[in-house]
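Printed here is start10.txt (compact mmCIF, C-alpha atoms):
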# COMPACT_ATOMS: atom_id res chain seq x y z
CA MET A 1 0.00 0.00 0.00
CA SER A 2 1.40 3.41 -0.90
CA PHE A 3 1.07 6.39 1.34
CA SER A 4 -1.65 8.67 0.01
CA ASP A 5 -2.06 11.80 2.07
CA LYS A 6 -0.71 14.02 -0.70
CA ALA A 7 -1.61 14.34 -4.37
CA THR A 8 -1.03 16.70 -7.29
CA ILE A 9 -3.89 17.26 -9.73
CA ARG A 10 -4.96 19.68 -12.46
CA ILE A 11 -8.29 21.46 -12.07
CA ARG A 12 -10.14 23.68 -14.54
CA SER A 13 -13.41 25.54 -14.62
CA GLY A 14 -15.50 25.43 -17.79
CA ASN A 15 -15.31 27.82 -20.71
CA GLY A 16 -18.29 30.06 -21.38
CA GLY A 17 -20.24 29.39 -24.57
CA ASP A 18 -20.01 31.84 -27.47
CA GLY A 19 -22.80 34.32 -28.16
CA HIS A 20 -24.68 33.77 -31.41
CA VAL A 21 -25.17 36.02 -34.43
CA SER A 22 -28.54 35.60 -36.16
CA PHE A 23 -31.52 37.62 -37.40
CA ARG A 24 -35.24 37.00 -37.36
CA ARG A 25 -36.43 35.34 -40.54
CA GLU A 26 -40.19 35.71 -40.55
CA LYS A 27 -42.65 35.76 -43.37
CA TYR A 28 -43.57 39.28 -44.50
CA VAL A 29 -40.71 40.75 -42.38
CA ALA A 30 -38.08 42.01 -44.78
CA ASN A 31 -35.44 42.98 -42.27
CA GLY A 32 -35.81 41.03 -39.04
CA GLY A 33 -33.96 42.25 -35.96
CA PRO A 34 -31.08 40.48 -34.25
CA ASP A 35 -32.09 37.41 -32.25
CA GLY A 36 -28.78 35.70 -31.46
CA GLY A 37 -28.85 34.20 -27.95
CA ASP A 38 -26.26 34.30 -25.19
CA GLY A 39 -23.82 31.48 -24.53
CA GLY A 40 -24.11 29.44 -21.35
CA ARG A 41 -21.70 29.99 -18.47
CA GLY A 42 -18.90 27.53 -17.86
CA GLY A 43 -19.19 25.13 -14.94
CA ASP A 44 -17.56 25.94 -11.59
CA LEU A 45 -14.87 23.73 -10.05
CA ILE A 46 -15.96 23.00 -6.47
CA PHE A 47 -14.29 21.17 -3.57
CA GLU A 48 -16.57 19.41 -1.09
CA VAL A 49 -15.84 17.42 2.07
CA ASP A 50 -17.01 13.80 2.00
CA PRO A 51 -17.27 12.42 5.57
CA GLY A 52 -16.79 8.91 4.20
CA LEU A 53 -13.27 9.61 2.95
CA ASN A 54 -10.10 9.57 5.06
CA THR A 55 -7.35 9.32 2.45
CA LEU A 56 -6.42 10.93 -0.86
CA SER A 57 -5.82 7.55 -2.49
CA ASP A 58 -8.46 8.11 -5.20
CA PHE A 59 -6.36 10.92 -6.65
CA ARG A 60 -3.58 8.47 -7.52
CA PHE A 61 -5.73 7.12 -10.35
CA LYS A 62 -7.17 10.35 -11.74
CA GLN A 63 -5.21 13.59 -12.01
CA LYS A 64 -7.43 15.84 -14.16
CA TYR A 65 -10.69 17.40 -13.00
CA PHE A 66 -12.35 19.68 -15.55
CA ALA A 67 -15.79 21.25 -15.22
CA GLY A 68 -18.15 21.35 -18.22
CA ASN A 69 -18.09 24.04 -20.88
CA GLY A 70 -21.07 26.27 -21.61
CA GLU A 71 -22.99 25.69 -24.83
CA PRO A 72 -23.10 28.44 -27.49
CA GLY A 73 -26.21 30.55 -27.89
CA GLY A 74 -28.68 29.87 -30.68
CA LYS A 75 -31.20 31.48 -32.97
CA ARG A 76 -34.45 32.99 -31.73
CA ARG A 77 -32.78 34.28 -28.55
CA CYS A 78 -32.05 30.75 -27.36
CA HIS A 79 -29.67 30.75 -24.39
CA GLY A 80 -26.92 28.14 -24.48
CA ALA A 81 -26.99 25.54 -21.72
CA ASP A 82 -24.70 26.21 -18.75
CA GLY A 83 -21.71 23.94 -18.31
CA GLU A 84 -21.98 21.33 -15.58
CA ASP A 85 -20.27 22.15 -12.29
CA LEU A 86 -17.69 19.60 -11.14
CA VAL A 87 -17.63 18.71 -7.44
CA VAL A 88 -14.36 17.18 -6.26
CA LYS A 89 -14.86 15.15 -3.05
CA VAL A 90 -12.05 15.27 -0.47
CA PRO A 91 -11.66 14.12 3.15
CA ALA A 92 -12.07 16.64 5.96
CA GLY A 93 -8.74 18.27 6.75
CA THR A 94 -7.60 18.56 3.12
CA ILE A 95 -5.57 21.65 2.30
CA VAL A 96 -5.52 22.83 -1.33
CA LYS A 97 -2.28 24.56 -2.38
CA GLU A 98 -1.20 26.20 -5.63
CA ALA A 99 1.48 23.87 -6.96
CA THR A 100 4.07 26.43 -8.11
CA THR A 101 4.12 28.64 -5.02
CA GLY A 102 2.94 26.15 -2.39
CA GLN A 103 0.56 28.80 -1.07
CA VAL A 104 -2.73 27.78 0.53
CA ILE A 105 -5.85 28.29 -1.59
CA THR A 106 -8.26 26.81 0.94
CA ASP A 107 -8.46 24.56 4.00
CA MET A 108 -11.38 22.14 3.78
CA SER A 109 -11.86 21.78 7.53
CA TYR A 110 -14.49 22.26 10.21
CA GLU A 111 -17.33 24.46 8.86
CA ASN A 112 -15.70 24.90 5.45
CA THR A 113 -17.29 21.87 3.80
CA ARG A 114 -17.93 23.26 0.31
CA GLU A 115 -16.12 25.97 -1.64
CA VAL A 116 -16.03 27.16 -5.24
CA ILE A 117 -12.33 27.18 -6.12
CA LEU A 118 -12.52 28.22 -9.79
CA LYS A 119 -15.45 30.12 -11.30
CA GLY A 120 -16.54 29.15 -14.78
CA GLY A 121 -16.16 31.63 -17.64
CA HIS A 122 -19.08 33.90 -18.46
CA GLY A 123 -21.09 33.08 -21.56
CA GLY A 124 -20.70 35.52 -24.44
CA LYS A 125 -23.57 37.86 -25.24
CA GLY A 126 -25.49 37.25 -28.46
CA ASN A 127 -25.93 39.97 -31.06
CA MET A 128 -29.43 40.78 -29.75
CA ASN A 129 -27.67 42.62 -26.90
CA PHE A 130 -25.84 45.04 -29.16
CA ALA A 131 -28.70 46.58 -31.10
CA THR A 132 -29.01 50.40 -30.81
CA PRO A 133 -31.23 52.96 -32.51
CA THR A 134 -28.42 53.67 -34.97
CA MET A 135 -27.11 50.09 -35.27
CA GLN A 136 -30.16 47.92 -35.65
CA ALA A 137 -28.48 44.90 -37.24
CA PRO A 138 -25.23 44.20 -35.34
CA LYS A 139 -23.24 41.36 -36.88
CA TYR A 140 -21.15 40.90 -33.79
CA ALA A 141 -21.52 38.56 -30.81
CA GLN A 142 -19.27 38.14 -27.81
CA PRO A 143 -17.15 35.00 -27.52
CA GLY A 144 -17.40 32.96 -24.33
CA LYS A 145 -14.76 33.52 -21.66
CA GLN A 146 -12.12 30.96 -20.91
CA GLY A 147 -12.21 28.96 -17.69
CA ILE A 148 -9.27 29.00 -15.30
CA GLU A 149 -6.83 26.10 -15.01
CA LEU A 150 -4.50 25.40 -12.11
CA GLU A 151 -2.21 22.68 -10.89
CA VAL A 152 -2.85 22.16 -7.19
CA ILE A 153 -1.41 20.07 -4.40
CA LEU A 154 -3.78 18.35 -1.99
CA GLU A 155 -2.45 17.66 1.50
CA LEU A 156 -4.40 15.84 4.18
CA LYS A 157 -3.85 16.95 7.78
CA VAL A 158 -6.27 14.84 9.77
CA ILE A 159 -8.72 16.43 12.19
CA ALA A 160 -8.64 14.56 15.49
CA ASP A 161 -8.65 15.42 19.19
CA VAL A 162 -5.97 12.86 20.02
CA GLY A 163 -3.03 11.74 17.92
CA LEU A 164 -1.50 8.33 18.63
CA VAL A 165 2.25 8.41 18.06
CA GLY A 166 4.90 5.80 18.58
CA PHE A 167 7.47 3.73 16.77
CA PRO A 168 6.26 0.98 14.44
CA ASN A 169 4.81 -2.13 16.05
CA VAL A 170 4.14 -0.68 19.53
CA GLY A 171 0.39 -1.39 19.42
CA LYS A 172 -1.22 1.84 18.23
CA SER A 173 -3.45 0.11 15.68
CA THR A 174 -4.45 -2.51 18.24
CA LEU A 175 -5.40 0.20 20.72
CA LEU A 176 -7.46 2.13 18.17
CA SER A 177 -9.31 -0.98 17.05
CA ARG A 178 -10.14 -1.83 20.68
CA VAL A 179 -11.50 1.59 21.67
CA SER A 180 -13.37 2.52 18.45
CA ALA A 181 -15.06 1.07 15.41
CA ALA A 182 -12.01 1.80 13.25
CA LYS A 183 -10.55 -1.24 11.54
CA PRO A 184 -6.88 -0.51 10.86
CA LYS A 185 -4.77 -3.28 9.39
CA ILE A 186 -2.84 -4.98 12.18
CA ALA A 187 0.20 -7.19 11.77
CA ASN A 188 3.53 -7.79 13.41
CA TYR A 189 5.79 -5.95 11.00
CA HIS A 190 7.01 -2.41 10.56
CA PHE A 191 5.04 0.23 8.70
CA THR A 192 1.82 -1.74 8.69
CA THR A 193 -0.13 1.49 8.86
CA LEU A 194 0.74 3.80 5.98
CA ASN A 195 -2.50 5.76 6.06
CA PRO A 196 -3.80 7.48 9.18
CA HIS A 197 -6.88 5.84 10.66
CA LEU A 198 -9.54 7.79 12.52
CA GLY A 199 -11.77 6.33 15.21
CA VAL A 200 -14.53 7.82 17.34
CA VAL A 201 -14.14 6.83 20.99
CA ASP A 202 -17.45 6.61 22.87
CA LEU A 203 -17.37 6.75 26.68
CA ASP A 204 -20.12 5.81 29.12
CA GLY A 205 -21.30 8.96 30.87
CA ALA A 206 -18.77 11.22 29.16
CA LYS A 207 -18.34 13.02 25.87
CA GLY A 208 -16.54 11.02 23.21
CA PHE A 209 -13.59 12.15 21.11
CA VAL A 210 -11.82 11.45 17.82
CA MET A 211 -8.55 9.55 17.90
CA ALA A 212 -6.12 9.20 14.99
CA ASP A 213 -3.55 6.46 14.59
CA ILE A 214 -0.64 8.37 13.08
CA PRO A 215 1.63 6.15 10.94
CA GLY A 216 4.77 4.92 12.69
CA LEU A 217 7.64 7.32 13.01
CA ILE A 218 11.35 6.65 12.66
CA GLU A 219 14.34 8.67 13.77
CA GLY A 220 15.10 11.40 11.26
CA ALA A 221 11.43 11.84 10.37
CA ALA A 222 11.62 15.62 10.87
CA ASP A 223 14.37 15.70 8.23
CA GLY A 224 12.17 13.82 5.80
CA VAL A 225 13.75 10.41 6.38
CA GLY A 226 11.36 7.69 5.25
CA LEU A 227 7.92 9.27 5.09
CA GLY A 228 8.59 11.51 8.06
CA HIS A 229 7.13 14.80 6.85
CA ASP A 230 4.05 13.03 5.56
CA PHE A 231 3.47 11.38 8.92
CA LEU A 232 4.22 14.40 11.08
CA ARG A 233 1.83 16.52 9.03
CA HIS A 234 -1.10 14.68 10.59
CA ILE A 235 -0.24 15.66 14.15
CA GLU A 236 -0.53 19.39 13.49
CA ARG A 237 -4.27 19.58 14.19
CA THR A 238 -4.42 17.24 17.20
CA ARG A 239 -5.01 18.79 20.62
CA LEU A 240 -3.34 16.06 22.65
CA ILE A 241 -0.56 13.60 21.85
CA LEU A 242 -0.79 10.05 23.19
CA HIS A 243 2.56 8.24 23.12
CA VAL A 244 2.18 4.49 22.84
CA VAL A 245 5.35 2.65 23.86
CA ASP A 246 6.30 -0.98 24.10
CA ALA A 247 6.88 -1.15 27.85
CA ALA A 248 7.82 -4.83 27.53
CA SER A 249 10.64 -4.08 25.06
CA THR A 250 9.53 -7.06 22.96
CA GLU A 251 11.82 -5.93 20.14
CA GLY A 252 14.68 -4.90 22.40
CA ARG A 253 13.84 -1.18 22.25
CA ASP A 254 14.11 1.10 25.28
CA PRO A 255 10.69 2.78 25.84
CA ILE A 256 12.28 5.82 27.51
CA GLU A 257 14.64 6.37 24.60
CA ASP A 258 11.74 5.93 22.16
CA ILE A 259 9.71 8.70 23.80
CA HIS A 260 12.67 11.07 23.82
CA ALA A 261 13.38 10.24 20.17
CA ILE A 262 9.81 10.97 19.07
CA ASN A 263 9.68 14.21 21.06
CA LYS A 264 12.91 15.24 19.36
CA GLU A 265 11.31 14.64 15.95
CA LEU A 266 8.23 16.65 16.96
CA ARG A 267 10.37 19.53 18.19
CA GLU A 268 12.52 19.61 15.05
CA TYR A 269 9.47 19.51 12.78
CA ASP A 270 7.53 22.17 14.68
CA GLU A 271 8.26 23.63 18.12
CA VAL A 272 4.54 24.14 18.67
CA LEU A 273 3.95 20.39 18.42
CA ALA A 274 6.43 19.67 21.20
CA GLU A 275 4.40 21.94 23.51
CA ARG A 276 1.15 20.01 23.03
CA PRO A 277 -0.10 18.17 26.14
CA GLN A 278 1.09 14.56 26.21
CA ILE A 279 0.12 11.30 27.89
CA ILE A 280 2.14 8.07 27.81
CA ALA A 281 0.40 4.72 27.32
CA ALA A 282 2.83 2.05 28.53
CA ASN A 283 1.56 -0.81 26.39
CA LYS A 284 2.04 -4.61 26.32
CA LEU A 285 1.63 -5.14 30.07
CA ASP A 286 0.46 -8.65 29.21
CA CYS A 287 4.04 -9.41 28.17
CA ILE A 288 5.59 -8.29 31.49
CA TYR A 289 5.54 -10.60 34.49
CA GLY A 290 6.09 -10.36 38.24
CA ASP A 291 8.10 -7.52 39.72
CA ASP A 292 9.41 -6.48 36.31
CA ARG A 293 6.11 -4.79 35.54
CA GLU A 294 6.28 -2.31 38.42
CA ALA A 295 10.00 -1.70 37.85
CA VAL A 296 9.44 -0.67 34.21
CA LEU A 297 6.53 1.60 35.12
CA GLU A 298 8.52 3.23 37.91
CA LEU A 299 11.34 4.08 35.51
CA LEU A 300 8.89 5.66 33.07
CA ARG A 301 7.16 7.65 35.81
CA GLU A 302 10.42 8.91 37.31
CA GLU A 303 11.52 10.11 33.88
CA PHE A 304 8.35 11.80 32.60
CA GLU A 305 5.87 12.61 35.36
CA PRO A 306 8.11 15.41 36.76
CA GLN A 307 7.66 16.99 33.28
CA GLY A 308 3.88 16.84 33.69
CA ILE A 309 3.48 13.81 31.40
CA PRO A 310 1.42 11.10 33.15
CA VAL A 311 2.09 7.40 32.51
CA TYR A 312 -0.81 4.93 32.19
CA PRO A 313 -0.06 1.20 32.06
CA ILE A 314 -2.24 -0.65 29.55
CA SER A 315 -2.55 -3.76 27.44
CA ALA A 316 -4.22 -2.97 24.15
CA ALA A 317 -4.41 -6.72 23.49
CA THR A 318 -6.34 -7.65 26.67
CA GLY A 319 -7.95 -4.31 27.50
CA GLU A 320 -6.26 -3.95 30.88
CA GLY A 321 -6.04 -0.29 31.98
CA VAL A 322 -7.58 1.03 28.74
CA LYS A 323 -10.75 2.38 30.35
CA GLU A 324 -8.78 4.39 32.92
CA LEU A 325 -6.56 5.79 30.16
CA LEU A 326 -9.52 6.91 28.04
CA PHE A 327 -11.25 8.72 30.89
CA HIS A 328 -8.01 10.53 31.73
CA VAL A 329 -7.71 11.54 28.06
CA ARG A 330 -11.28 12.88 28.15
CA ASN A 331 -10.60 14.86 31.34
CA LYS A 332 -7.43 16.29 29.82
CA LEU A 333 -9.25 17.32 26.66
CA ASP A 334 -11.81 19.16 28.79
CA GLU A 335 -8.96 21.23 30.24
CA ILE A 336 -7.37 22.09 26.89
CA PRO A 337 -8.71 25.11 24.96
CA ASP A 338 -10.30 24.01 21.71
CA ASP A 339 -8.04 26.12 19.52
CA ARG A 340 -8.63 24.92 15.99
CA VAL A 341 -5.69 24.83 13.62
CA VAL A 342 -6.95 26.37 10.38
CA TYR A 343 -4.66 27.31 7.51
CA GLU A 344 -5.49 30.75 6.17
CA ARG A 345 -5.74 31.57 2.48
CA GLU A 346 -2.43 32.74 1.02
CA TYR A 347 -3.09 32.45 -2.70
CA GLU A 348 -5.74 34.29 -4.66
CA VAL A 349 -6.71 32.79 -7.98
CA LYS A 350 -5.33 35.38 -10.36
CA LEU A 351 -6.88 36.68 -13.52
CA PRO A 352 -4.78 36.42 -16.69
CA ASP A 353 -2.30 39.22 -17.35
CA LEU A 354 -4.10 41.49 -19.80
CA SER A 355 -1.50 44.27 -19.87
CA ASP A 356 -0.20 43.43 -23.35
CA GLU A 357 -3.62 43.24 -25.00
CA PRO A 358 -4.93 46.28 -26.91
CA TYR A 359 -8.03 48.34 -26.36
CA THR A 360 -9.60 51.48 -27.85
CA VAL A 361 -11.42 54.44 -26.31
CA ALA A 362 -13.41 56.53 -28.81
CA LYS A 363 -16.28 58.96 -29.06
CA SER A 364 -19.28 57.49 -30.82
CA GLU A 365 -19.90 58.88 -34.29
CA GLU A 366 -23.51 57.74 -34.24
CA GLU A 367 -24.73 58.69 -30.76
CA GLU A 368 -24.29 62.03 -29.06
CA ASP A 369 -22.54 62.21 -25.68
CA THR A 370 -21.63 58.51 -25.94
CA TYR A 371 -18.20 56.89 -25.70
CA LEU A 372 -17.16 53.37 -26.72
CA VAL A 373 -14.54 51.28 -24.91
CA GLU A 374 -13.58 48.10 -26.76
CA GLY A 375 -10.75 45.70 -27.44
CA PRO A 376 -9.43 42.28 -26.31
CA ARG A 377 -8.15 43.60 -22.99
CA ILE A 378 -11.57 44.97 -22.07
CA GLU A 379 -13.43 41.94 -23.35
CA ARG A 380 -11.35 39.47 -21.39
CA MET A 381 -11.56 41.57 -18.23
CA LEU A 382 -15.35 41.49 -18.44
CA GLY A 383 -15.25 37.74 -18.89
CA TYR A 384 -13.59 37.31 -15.51
CA THR A 385 -15.60 39.94 -13.67
CA ASN A 386 -19.11 39.73 -12.25
CA LEU A 387 -20.35 43.30 -12.57
CA ASP A 388 -23.55 42.40 -10.72
CA SER A 389 -21.60 41.94 -7.48
CA GLU A 390 -20.22 44.76 -5.36
CA LYS A 391 -16.75 43.21 -5.33
CA GLY A 392 -16.79 42.66 -9.08
CA PHE A 393 -17.90 46.21 -9.83
CA ALA A 394 -15.18 47.60 -7.54
CA PHE A 395 -12.62 45.54 -9.46
CA PHE A 396 -14.01 46.90 -12.74
CA GLN A 397 -13.65 50.52 -11.57
CA LYS A 398 -10.10 49.85 -10.39
CA PHE A 399 -9.25 48.23 -13.73
CA MET A 400 -10.58 51.26 -15.65
CA GLN A 401 -8.49 53.61 -13.52
CA GLU A 402 -5.24 51.62 -13.42
CA ASN A 403 -5.27 51.02 -17.18
CA GLY A 404 -5.63 54.73 -17.93
CA ILE A 405 -9.04 54.33 -19.53
CA LEU A 406 -10.67 57.00 -17.36
CA ASP A 407 -7.87 59.43 -18.24
CA GLU A 408 -8.41 58.79 -21.94
CA LEU A 409 -12.15 59.46 -21.58
CA VAL A 410 -11.37 62.77 -19.91
CA ASP A 411 -8.93 63.66 -22.71
CA LEU A 412 -11.72 62.99 -25.23
CA GLY A 413 -13.94 65.49 -23.43
CA ILE A 414 -16.33 63.27 -21.51
CA ARG A 415 -18.64 65.13 -19.15
CA GLU A 416 -20.78 64.20 -16.17
CA GLY A 417 -23.86 62.27 -17.25
CA ASP A 418 -22.38 61.11 -20.58
CA THR A 419 -22.77 57.47 -21.54
CA VAL A 420 -19.96 54.88 -21.72
CA LYS A 421 -20.73 51.69 -23.64
CA ILE A 422 -18.64 48.58 -23.07
CA TYR A 423 -19.70 45.41 -24.92
CA GLY A 424 -23.39 45.51 -24.10
CA TRP A 425 -22.93 47.27 -20.77
CA GLN A 426 -23.93 50.92 -20.46
CA PHE A 427 -22.77 53.32 -17.74
CA GLU A 428 -23.26 56.95 -16.90
CA TYR A 429 -20.04 58.82 -16.24
CA TYR A 430 -19.53 60.62 -12.95
CA PRO A 431 -16.10 62.18 -12.25
Re-express the file's structure as structure tokens.
Amino acid sequence: MSFSDKATIRIRSGNGGDGHVSFRREKYVANGGPDGGDGGRGGDLIFEVDPGLNTLSDFRFKQKYFAGNGEPGGKRRCHGADGEDLVVKVPAGTIVKEATTGQVITDMSYENTREVILKGGHGGKGNMNFATPTMQAPKYAQPGKQGIELEVILELKVIADVGLVGFPNVGKSTLLSRVSAAKPKIANYHFTTLNPHLGVVDLDGAKGFVMADIPGLIEGAADGVGLGHDFLRHIERTRLILHVVDAASTEGRDPIEDIHAINKELREYDEVLAERPQIIAANKLDCIYGDDREAVLELLREEFEPQGIPVYPISAATGEGVKELLFHVRNKLDEIPDDRVVYEREYEVKLPDLSDEPYTVAKSEEEEDTYLVEGPRIERMLGYTNLDSEKGFAFFQKFMQENGILDELVDLGIREGDTVKIYGWQFEYYP
């Protein structure tokens, strides 16, 4: 099984459909007016949390996710069909990053369960929109606007109250399977668990919590040895760290050294992680006999309890001590502030660079006190801007100012109350 908490995919919103050029052809009507319909809008690319998913393994088999394109407009004012939105299902805790910069686009966690990542392109306006008293038969329609395409990285940082950490084969999977309905694969060899497993722990008379079995760590994990960074990533959201150690040293490992080694990896990966509250589960009591049991536990307590890290003896195999451990975990969680780790947006989906594309600003020869603004730069800007929204209209005004278009209108003699026409849109000018 390959580790699948990270994937790189290409996503694209749909292209808008082209507007249509046509004229009414009716009996006894010599010169019918324009009746070309608008193109449909392109489909949006949407991310949505699926509670049934807990890995990104599906993205290993499919790397391209493209929303549907809008259909072109038709005769008789027929509007083209809108492109179909594409909903990409991801597990809770998935962070979407722009692949080139590594910046966060969105964090699909907690209340953020559905988000439009890429808006589809606007459909082009048909020629029926461009008729004027002096131009009654326009032979021009607007092309549909292109969708937006991005390469993104998906990273899963699991959302759990408690993160189980420990070296391979110390019994984390066994413990999780005993205390929850999770069914992690369990076997007696290293790196059995390569995907994190989540389990909901229900307690009699107390609030339950979510526990995650974090894949086994090895020394050097913080430096990326093995799959270290991928494993450590999952601990970032957990509120409490539960160390599971092989107190019986069944493989000849020293449990005290193991705890220090893992804490060193946590500290080197992220100092904040090392400050998270910790509890030690001294596992495999069923393999320790006689006085040796108390001697091992005493050594662990002398080493860690002065640091405020309690030690709970358990046997995940037989269930001994597990109930006491879980209730202590619940009590500890009640004391810890529920500070959610949410990754803020760093990357804004950028519009194409239109600076090299031409445009024209001219006074209309056919209509008095009217000015026309046209050209590829203007047309493409409109395709990526929703003028019906406050934010979109503010962007439009900023675009007109920063590109010098307002200055050119002033140079042409525009006055307050004059009309500015831009591809089917009509505005009154106010300085």
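Comparing A:Tyr312, A:Tyr423, A:Phe304, A:Phe399 by their smallest distance to Val244 (chain A), the closest is A:Tyr312 (using only C-alpha atoms).
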Residues within 12 Å of region 356-366 of chain A, only C-alpha atoms, excluding chain neighbours under 2 positions, as a ChimeraX atom specification = /A:132-136,352-354,368-381,400,403-415,418-422
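Across A:Asp334, A:Glu257, A:His234, A:Ala248, the tightest approach to Arg293 (chain A) is made by A:Ala248 when counting all atoms listed in the file.
As for CA of Lys6 (chain A) and CA of Asp338 (chain A), they are spaced 26.3 Å apart.
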Counting all atoms listed in the file, the residue of A:Ser180, A:Gln63, A:Ser249, A:Thr238 that sits nearest Val152 (chain A) | A:Gln63
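Of the listed residues (A:Asp38, A:Glu275, A:Glu367, A:Glu151), A:Glu275 comes nearest to Ile241 (chain A); the distances count only C-alpha atoms.
The gap separating CA of Pro277 (chain A) from CA of Asp204 (chain A) is 23.7 Å, in Å to one decimal.
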At a cut-off of 9 Å, can you tabulate as CSV every residue of region 62-94 of chain A near region 98-116 of chain A together with its closest atom pair and the distance in Å to one decimal, using all atoms listed in the file and ordering rows by chain then number?
residue,atom,partner,partner_atom,distance
A:Val87,CA,A:Val116,CA,8.9
A:Val90,CA,A:Met108,CA,8.1
A:Pro91,CA,A:Met108,CA,8.0
A:Ala92,CA,A:Ser109,CA,5.4
A:Gly93,CA,A:Ser109,CA,4.8
A:Thr94,CA,A:Met108,CA,5.2
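If you measure from each of A:Glu320, A:Asp161, A:Glu294, A:Asp258 to Val341 (chain A) using all atoms listed in the file, the closest one turns out to be A:Asp161.
For Asp18 (chain A), the residues within 6 Å (counting all atoms listed in the file, excluding itself and residues fewer than 4 positions away along the chain) are Gly39, Pro72, Gly124, Pro143 and Gly144 of chain A.
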Go ahead and write the selection's residues with C-alpha atoms as a tab-separated table (two decimals), in the frame of the given file.
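File produced: selection-v5.tsv:
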chain	number	residue	atom	x	y	z
A	39	GLY	CA	-23.82	31.48	-24.53
A	72	PRO	CA	-23.10	28.44	-27.49
A	124	GLY	CA	-20.70	35.52	-24.44
A	143	PRO	CA	-17.15	35.00	-27.52
A	144	GLY	CA	-17.40	32.96	-24.33
